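The file input_14.tsv contains TSV, C-alpha atoms and all ligand atoms:
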```
chain	number	residue	atom	x	y	z
V	1	MET	CA	10.92	8.41	-0.53
V	2	ASN	CA	8.13	8.71	2.00
V	3	GLU	CA	9.62	9.23	5.47
V	4	LEU	CA	7.31	6.53	6.80
V	5	PHE	CA	9.09	3.93	4.65
V	6	GLN	CA	12.44	4.77	6.21
V	7	LYS	CA	10.92	4.64	9.70
V	8	LEU	CA	9.30	1.27	8.99
V	9	SER	CA	12.59	-0.06	7.70
V	10	ASP	CA	14.41	1.23	10.81
V	11	ALA	CA	11.80	-0.25	13.14
V	12	VAL	CA	12.24	-3.71	11.52
V	13	VAL	CA	16.02	-3.46	11.91
V	14	ASP	CA	15.52	-2.38	15.55
V	15	MET	CA	13.20	-5.39	16.17
V	16	ASP	CA	10.64	-2.85	17.38
V	17	GLU	CA	7.31	-4.54	16.75
V	18	LYS	CA	5.36	-1.83	18.63
V	19	SER	CA	6.71	0.94	16.39
V	20	VAL	CA	6.09	-1.17	13.28
V	21	ARG	CA	2.43	-1.50	14.29
V	22	GLU	CA	2.06	2.23	14.99
V	23	LEU	CA	3.77	3.21	11.73
V	24	SER	CA	1.68	0.73	9.73
V	25	HIS	CA	-1.49	2.30	11.13
V	26	ARG	CA	-0.12	5.71	10.14
V	27	VAL	CA	0.41	4.43	6.58
V	28	ILE	CA	-3.30	3.60	6.43
V	29	GLU	CA	-4.45	6.83	8.09
V	30	GLU	CA	-2.30	8.98	5.81
V	31	LYS	CA	-3.46	7.01	2.74
V	32	VAL	CA	0.08	6.07	1.79
V	33	ASP	CA	0.30	3.12	-0.63
V	34	ALA	CA	0.26	-0.07	1.50
V	35	PHE	CA	2.12	-2.13	-1.08
V	36	ASP	CA	4.94	0.43	-1.25
V	37	ALA	CA	5.09	0.46	2.55
V	38	ILE	CA	5.71	-3.30	2.51
V	39	ASP	CA	8.07	-3.22	-0.45
V	40	LYS	CA	10.10	-0.09	0.34
V	41	GLY	CA	9.73	-0.11	4.12
V	42	LEU	CA	9.28	-3.50	5.78
V	43	THR	CA	11.08	-5.67	3.20
V	44	LYS	CA	13.91	-3.17	2.96
V	45	GLY	CA	14.31	-3.44	6.74
V	46	MET	CA	14.50	-7.24	6.49
V	47	ASP	CA	17.14	-6.93	3.77
V	48	ARG	CA	19.18	-4.62	6.00
V	49	ALA	CA	18.83	-7.09	8.90
V	50	GLY	CA	20.10	-9.79	6.52
V	51	LYS	CA	23.20	-7.75	5.80
V	52	LEU	CA	23.83	-7.32	9.53
V	53	PHE	CA	23.55	-11.12	9.86
V	54	GLU	CA	26.14	-11.55	7.16
V	55	GLU	CA	28.41	-9.06	8.95
V	56	GLU	CA	27.91	-11.11	12.15
V	57	GLU	CA	26.38	-8.16	13.95
V	58	TYR	CA	23.04	-9.94	14.17
V	59	PHE	CA	22.48	-13.60	14.92
V	60	VAL	CA	19.53	-15.97	14.53
V	61	PRO	CA	17.48	-14.63	17.51
V	62	GLU	CA	17.76	-11.03	16.24
V	63	LEU	CA	16.76	-12.07	12.72
V	64	LEU	CA	13.71	-13.89	14.02
V	65	MET	CA	12.65	-10.82	15.99
V	66	CYS	CA	13.11	-8.65	12.87
V	67	ALA	CA	10.94	-11.12	10.96
V	68	ASP	CA	8.25	-10.96	13.69
V	69	ALA	CA	8.28	-7.15	13.48
V	70	MET	CA	8.04	-7.27	9.69
V	71	ASN	CA	5.16	-9.76	9.78
V	72	ALA	CA	3.25	-7.64	12.32
V	73	GLY	CA	3.31	-4.79	9.80
V	74	VAL	CA	2.41	-7.01	6.87
V	75	GLU	CA	-0.68	-8.26	8.73
V	76	ILE	CA	-1.90	-4.69	9.30
V	77	LEU	CA	-1.18	-3.51	5.75
V	78	LYS	CA	-2.34	-6.63	3.90
V	79	PRO	CA	-6.06	-5.74	3.65
V	80	HIS	CA	-5.15	-2.32	2.25
V	81	ILE	CA	-3.00	-3.38	-0.70
V	82	LYS	CA	-4.42	-2.33	-4.03
V	83	ILE	CA	-3.19	-4.41	-6.94
V	84	LYS	CA	-5.09	-4.72	-10.17
V	85	GLY	CA	-6.32	-8.27	-9.85
V	86	ILE	CA	-6.92	-10.86	-12.52
V	87	SER	CA	-10.48	-11.69	-13.45
V	88	LYS	CA	-10.67	-15.33	-12.49
V	89	LYS	CA	-8.80	-17.27	-9.90
V	90	HIS	CA	-5.90	-19.04	-11.51
V	91	LYS	CA	-4.20	-21.61	-9.30
V	92	ALA	CA	-0.57	-21.82	-8.23
V	93	VAL	CA	1.25	-24.00	-5.74
V	94	ILE	CA	4.14	-22.38	-3.89
V	95	GLY	CA	6.77	-23.74	-1.55
V	96	VAL	CA	10.37	-23.67	-0.40
V	97	ILE	CA	12.54	-26.41	-1.84
V	98	GLU	CA	13.75	-29.42	0.14
V	99	GLY	CA	16.47	-28.74	2.70
V	100	ASP	CA	15.60	-25.07	2.96
V	101	THR	CA	13.52	-23.48	5.69
V	102	HIS	CA	13.77	-19.78	4.72
V	103	ASP	CA	10.16	-18.79	4.09
V	104	ILE	CA	9.91	-15.02	4.62
V	105	GLY	CA	10.29	-14.25	0.91
V	106	LYS	CA	7.96	-17.08	-0.14
V	107	ASN	CA	5.30	-15.77	2.24
V	108	LEU	CA	5.56	-12.29	0.70
V	109	VAL	CA	5.23	-13.65	-2.83
V	110	LYS	CA	2.18	-15.65	-1.74
V	111	LEU	CA	0.61	-12.60	-0.11
V	112	MET	CA	1.08	-10.44	-3.21
V	113	LEU	CA	-0.32	-13.11	-5.54
V	114	GLU	CA	-3.37	-13.60	-3.34
V	115	THR	CA	-3.94	-9.87	-3.34
V	116	ALA	CA	-3.93	-10.01	-7.14
V	117	ASN	CA	-6.68	-12.66	-7.00
V	118	PHE	CA	-4.60	-15.80	-7.59
V	119	ASN	CA	-5.59	-18.95	-5.71
V	120	VAL	CA	-2.32	-19.92	-4.02
V	121	ILE	CA	-1.81	-23.27	-2.33
V	122	ASP	CA	1.01	-23.01	0.18
V	123	LEU	CA	3.09	-26.17	0.50
V	124	GLY	CA	5.27	-24.66	3.23
V	125	ARG	CA	9.01	-25.18	3.42
V	126	ASP	CA	11.42	-28.10	2.99
V	127	VAL	CA	9.23	-29.45	0.17
V	128	SER	CA	10.49	-32.37	-1.95
V	129	PRO	CA	10.45	-32.10	-5.77
V	130	GLN	CA	7.88	-34.90	-6.02
V	131	THR	CA	5.59	-33.18	-3.51
V	132	PHE	CA	5.58	-30.02	-5.65
V	133	ILE	CA	4.44	-32.16	-8.58
V	134	ASP	CA	1.90	-34.28	-6.66
V	135	LYS	CA	0.28	-31.19	-5.14
V	136	ALA	CA	0.20	-29.35	-8.47
V	137	ILE	CA	-1.59	-32.31	-10.07
V	138	GLU	CA	-3.93	-32.81	-7.10
V	139	ASN	CA	-4.93	-29.13	-7.06
V	140	LYS	CA	-5.01	-28.70	-10.85
V	141	ALA	CA	-2.56	-25.81	-10.55
V	142	GLU	CA	-1.27	-23.96	-13.60
V	143	ILE	CA	1.91	-22.65	-11.98
V	144	ILE	CA	4.50	-24.30	-9.75
V	145	MET	CA	6.38	-21.64	-7.78
V	146	ILE	CA	9.60	-22.59	-6.04
V	147	SER	CA	11.69	-20.59	-3.60
V	148	SER	CA	15.28	-21.25	-2.55
V	149	LEU	CA	17.52	-19.08	-0.41
V	150	MET	CA	20.58	-21.30	-0.36
V	151	THR	CA	23.13	-22.25	-2.98
V	152	THR	CA	23.10	-25.72	-1.40
V	153	THR	CA	19.39	-26.28	-2.11
V	154	MET	CA	18.77	-24.47	-5.39
V	155	ASP	CA	19.54	-27.55	-7.50
V	156	GLY	CA	16.33	-29.05	-6.14
V	157	MET	CA	14.52	-26.64	-8.47
V	158	ALA	CA	16.14	-28.32	-11.46
V	159	ASP	CA	15.02	-31.68	-10.01
V	160	VAL	CA	11.38	-30.53	-10.15
V	161	ILE	CA	11.73	-29.74	-13.86
V	162	GLU	CA	13.65	-32.93	-14.65
V	163	THR	CA	11.06	-35.03	-12.80
V	164	LEU	CA	8.22	-33.33	-14.71
V	165	LYS	CA	10.01	-34.21	-17.95
V	166	LYS	CA	10.60	-37.84	-16.90
V	167	GLN	CA	6.94	-38.18	-16.03
V	168	GLY	CA	5.96	-36.72	-19.42
V	169	ILE	CA	4.03	-33.79	-17.92
V	170	ARG	CA	6.45	-30.87	-18.33
V	171	ASP	CA	4.03	-29.02	-20.62
V	172	LYS	CA	1.18	-29.21	-18.09
V	173	PHE	CA	2.71	-26.62	-15.74
V	174	LYS	CA	4.63	-23.35	-15.82
V	175	VAL	CA	7.53	-23.37	-13.38
V	176	VAL	CA	8.48	-20.05	-11.78
V	177	ILE	CA	11.46	-19.71	-9.47
V	178	GLY	CA	12.93	-17.11	-7.12
V	179	GLY	CA	15.01	-16.46	-4.01
V	180	GLY	CA	18.36	-14.93	-3.08
V	181	PRO	CA	20.87	-17.08	-5.03
V	182	VAL	CA	18.57	-17.54	-8.03
V	183	SER	CA	18.93	-15.48	-11.21
V	184	GLN	CA	17.47	-15.23	-14.70
V	185	SER	CA	20.48	-17.09	-16.09
V	186	PHE	CA	19.97	-19.93	-13.59
V	187	ALA	CA	16.29	-20.05	-14.58
V	188	ASP	CA	17.29	-20.26	-18.26
V	189	LYS	CA	19.87	-22.95	-17.50
V	190	ILE	CA	17.40	-25.26	-15.76
V	191	GLY	CA	14.60	-24.50	-18.23
V	192	ALA	CA	12.21	-22.70	-15.88
V	193	ASP	CA	9.40	-20.66	-17.44
V	194	GLY	CA	10.03	-17.60	-15.32
V	195	TYR	CA	12.11	-15.90	-12.65
V	196	SER	CA	11.42	-12.85	-10.58
V	197	LYS	CA	13.72	-11.00	-8.23
V	198	ASP	CA	10.91	-9.86	-5.93
V	199	ALA	CA	7.28	-10.27	-4.98
V	200	ALA	CA	6.00	-7.28	-6.96
V	201	ASN	CA	7.47	-8.54	-10.22
V	202	ALA	CA	6.34	-12.10	-9.42
V	203	VAL	CA	2.75	-10.87	-9.67
V	204	LYS	CA	3.37	-9.25	-13.09
V	205	LEU	CA	5.13	-12.39	-14.28
V	206	CYS	CA	2.30	-14.70	-13.21
V	207	GLN	CA	-0.31	-12.40	-14.75
V	208	LYS	CA	1.61	-12.62	-18.02
V	209	ILE	CA	1.90	-16.41	-17.74
V	210	VAL	CA	-1.86	-16.89	-17.35
V	211	GLY	CA	-2.48	-14.41	-20.17
V	212	GLU	CA	-4.10	-11.78	-17.97
V	213	GLU	CA	-1.69	-8.90	-18.15
V	214	VAL	CA	-3.11	-5.81	-16.47
V	301	LIG	C1	16.26	-14.46	7.62
V	301	LIG	C2	17.35	-15.49	7.37
V	301	LIG	C3	17.31	-16.65	8.14
V	301	LIG	C4	16.17	-16.97	9.13
V	301	LIG	C5	15.00	-17.55	8.32
V	301	LIG	C6	13.64	-17.28	8.97
V	301	LIG	C7	12.54	-17.70	8.03
V	301	LIG	N1	11.46	-18.18	8.60
V	301	LIG	O1	12.63	-17.60	6.83
V	301	LIG	C8	16.87	-18.02	10.04
V	301	LIG	C9	17.57	-17.26	11.14
V	301	LIG	C10	15.97	-19.10	10.66
V	301	LIG	C11	17.92	-18.58	9.08
V	301	LIG	C12	18.46	-19.85	9.19
V	301	LIG	C13	19.52	-20.31	8.39
V	301	LIG	N2	20.19	-19.59	7.45
V	301	LIG	CO1	19.63	-17.87	6.80
V	301	LIG	N3	19.32	-16.15	6.16
V	301	LIG	C14	18.39	-15.27	6.43
V	301	LIG	C15	18.71	-13.96	5.65
V	301	LIG	C16	19.48	-13.05	6.61
V	301	LIG	C17	17.55	-13.16	5.06
V	301	LIG	C18	16.58	-13.94	4.17
V	301	LIG	C19	15.29	-13.17	4.08
V	301	LIG	O2	14.29	-13.53	4.70
V	301	LIG	N4	15.31	-12.04	3.33
V	301	LIG	C20	14.13	-11.15	3.20
V	301	LIG	C21	13.18	-11.67	2.10
V	301	LIG	C22	12.00	-10.71	1.96
V	301	LIG	O3	13.89	-11.71	0.89
V	301	LIG	P1	14.02	-13.03	-0.01
V	301	LIG	O4	13.91	-14.23	0.81
V	301	LIG	O5	15.19	-12.88	-0.89
V	301	LIG	O6	12.68	-13.02	-0.91
V	301	LIG	C23	12.40	-12.09	-1.94
V	301	LIG	C24	12.96	-12.50	-3.31
V	301	LIG	O7	14.09	-13.32	-3.27
V	301	LIG	C25	11.79	-13.12	-4.02
V	301	LIG	N5	11.50	-14.54	-3.84
V	301	LIG	C26	11.75	-15.37	-2.81
V	301	LIG	N6	11.25	-16.57	-3.03
V	301	LIG	C27	10.64	-16.55	-4.24
V	301	LIG	C28	9.96	-17.53	-4.96
V	301	LIG	C29	9.44	-17.24	-6.20
V	301	LIG	C30	8.70	-18.30	-6.96
V	301	LIG	C31	9.61	-15.93	-6.74
V	301	LIG	C32	9.08	-15.62	-8.09
V	301	LIG	C33	10.28	-14.93	-6.04
V	301	LIG	C34	10.79	-15.25	-4.79
V	301	LIG	O8	10.70	-12.37	-3.52
V	301	LIG	C35	10.90	-12.12	-2.12
V	301	LIG	C36	10.17	-10.84	-1.73
V	301	LIG	O9	10.49	-9.76	-2.55
V	301	LIG	C37	19.65	-14.51	4.50
V	301	LIG	C38	20.65	-13.50	3.94
V	301	LIG	C39	20.11	-12.70	2.80
V	301	LIG	N7	20.54	-11.48	2.76
V	301	LIG	O10	19.31	-13.18	2.00
V	301	LIG	C40	20.34	-15.67	5.22
V	301	LIG	C41	20.89	-16.85	4.41
V	301	LIG	C42	19.92	-17.22	3.30
V	301	LIG	N8	20.94	-17.93	5.42
V	301	LIG	C43	21.96	-18.72	5.28
V	301	LIG	C44	22.23	-19.85	6.09
V	301	LIG	C45	23.55	-20.56	5.83
V	301	LIG	C46	21.34	-20.27	7.08
V	301	LIG	C47	21.49	-21.49	8.01
V	301	LIG	C48	22.05	-22.75	7.38
V	301	LIG	C49	22.31	-21.01	9.21
V	301	LIG	C50	22.71	-22.05	10.21
V	301	LIG	N9	24.00	-22.34	10.23
V	301	LIG	O11	21.87	-22.56	10.92
V	301	LIG	C51	20.03	-21.70	8.48
V	301	LIG	C52	19.25	-22.52	7.43
V	301	LIG	C53	18.51	-23.67	7.89
V	301	LIG	C54	17.86	-24.31	6.67
V	301	LIG	N10	18.19	-25.53	6.40
V	301	LIG	O12	17.10	-23.68	5.95
V	301	LIG	C55	22.85	-18.28	4.11
V	301	LIG	C56	22.74	-19.21	2.90
V	301	LIG	C57	24.09	-19.42	2.27
V	301	LIG	C58	24.01	-20.32	1.08
V	301	LIG	N11	24.41	-21.55	1.23
V	301	LIG	O13	23.58	-19.93	0.04
V	301	LIG	C59	22.39	-16.78	3.89
V	301	LIG	C60	22.53	-16.28	2.44
V	301	LIG	C61	23.25	-15.90	4.86
V	301	LIG	C62	24.74	-15.97	4.54
V	301	LIG	N12	25.27	-15.11	3.71
V	301	LIG	O14	25.43	-16.80	5.08
V	301	LIG	N13	18.23	-17.67	8.11
```
How does the structure come out when it is put into structure tokens?
Ligand code: B12
Amino acid sequence: MNELFQKLSDAVVDMDEKSVRELSHRVIEEKVDAFDAIDKGLTKGMDRAGKLFEEEEYFVPELLMCADAMNAGVEILKPHIKIKGISKKHKAVIGVIEGDTHDIGKNLVKLMLETANFNVIDLGRDVSPQTFIDKAIENKAEIIMISSLMTTTMDGMADVIETLKKQGIRDKFKVVIGGGPVSQSFADKIGADGYSKDAANAVKLCQKIVGEEV
């Protein structure tokens, strides 16, 4: 692994925004892959911070500072990501399900999709099932993308699909889900069209869904 990735990951864990900025500029100068730097460096650091939170070594303020450090790096690297894009702009709506305010992962998925030329409408967090549907209709989106980080909120994803069925419009949209407690078997159980464990694979999945595999 590139030593810069490890350093980026460490700097996120250390809440060291200044180092994250410097290292991100080095990534660009040294022509290291920007996407890998986000995926294997910054995101890895956020995952490690998450584990420290679970071990009660870090608390909410620390996590928020880690997230700020991670985002500072993402902003610098974003314009340098090279993903083979799709030819025309397919539309997706994305949001975090009702009751849930964890949006770091959702923001990364959105960023990667936009880099691949998707037109992504961000509904934010704590989004009700009906809002997902209303916004998808309003924006003529092809894909509804739902994120959930909590076992207590993930059933809201099933509500989106059930409501689509009740309203007779299930076949108008592809529903793609993701987030910590979500799995392929959960996606199958609720009848979602796709699941991805991370942002990189979410792009491949959506490209496949719109029939523009690259
Ligand atoms: C950061 C964090 C926070 C931050 C959130 C900041 C923010 N703006 O998002 C803060 C400190 C605010 C927070 C608050 C809370 N948190 Co919290 N938090 C976390 C933590 C540590 C990391 C999550 C994260 O950002 N990971 C990094 C990102 C990059 O990864 P990710 O989200 O998984 O996303 C990737 C993939 O999952 C996927 N993906 C994500 N979404 C989607 C969507 C689609 C469509 C697709 C295809 C893919 C995809 O791609 C992403 C990128 O690769 C997790 C623990 C963990 N290890 O997950 C707990 C965790 C999720 N939190 C938890 C809890 C309980 C809370 C609180 C209730 C705590 C409290 N008592 O106040 C509140 C929640 C308030 C609310 N109602 O939402 C629990 C949830 C437990 C459960 N019930 O399941 C966890 C699991 C910690 C734990 N073990 O206790 N939290």
Step by step, measure atom-to-atom distances between ligand LIG 301 (chain V) and each residue using all atoms listed in the file, keep those at most 6 Å, then write them as a ChimeraX atom specification.
-> /V:43,46-47,50-51,53-54,60,63-64,99-106,108-109,145-147,149-152,176-180,195-199,202
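When all atoms listed in the file are used to compute distances to Met15 in chain V, the closest of the residues V:Leu52, V:Met112, V:Val32, V:Cys66 turns out to be V:Cys66.
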For Lys84 in chain V, list every protein, DNA or RNA residue within 10 Å, evaluated using all atoms listed in the file, and leave out those in the same chain fewer than 5 positions away; present the list as JSON, numbers by chain.
-> {"V": [115, 116, 117, 203, 213, 214]}
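The two atoms in question, CA of Ile83 in chain V and CA of Asn71 in chain V, are spaced 19.4 Å apart.
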May I have the residues at most 10 Å from (14.1, -8.5, 14.5) in the file's coordinates, counting all atoms listed in the file, as an MDAnalysis selection string?
-> chainID V and resid 11:17 45:46 49 58:70
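One finds CA of Ala200 in chain V at 18.4 Å from CA of Leu8 in chain V.
Between CA of Ile38 in chain V and CA of Leu4 in chain V the separation is 10.8 Å.
Compared by their closest atoms to Gly73 in chain V, and using only C-alpha atoms, the residues V:Ser87, V:Gln130, V:Gln207, V:Ser9 rank with V:Ser9 nearest.
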Expected axis-aligned box over every listed atom of range 43-54 of chain V, 3 Å added per side, centre plus edges in Å to one decimal, as AutoDock Vina command-line options:
```
--center_x 18.6 --center_y -7.4 --center_z 6.4 --size_x 21.1 --size_y 14.4 --size_z 12.9
```
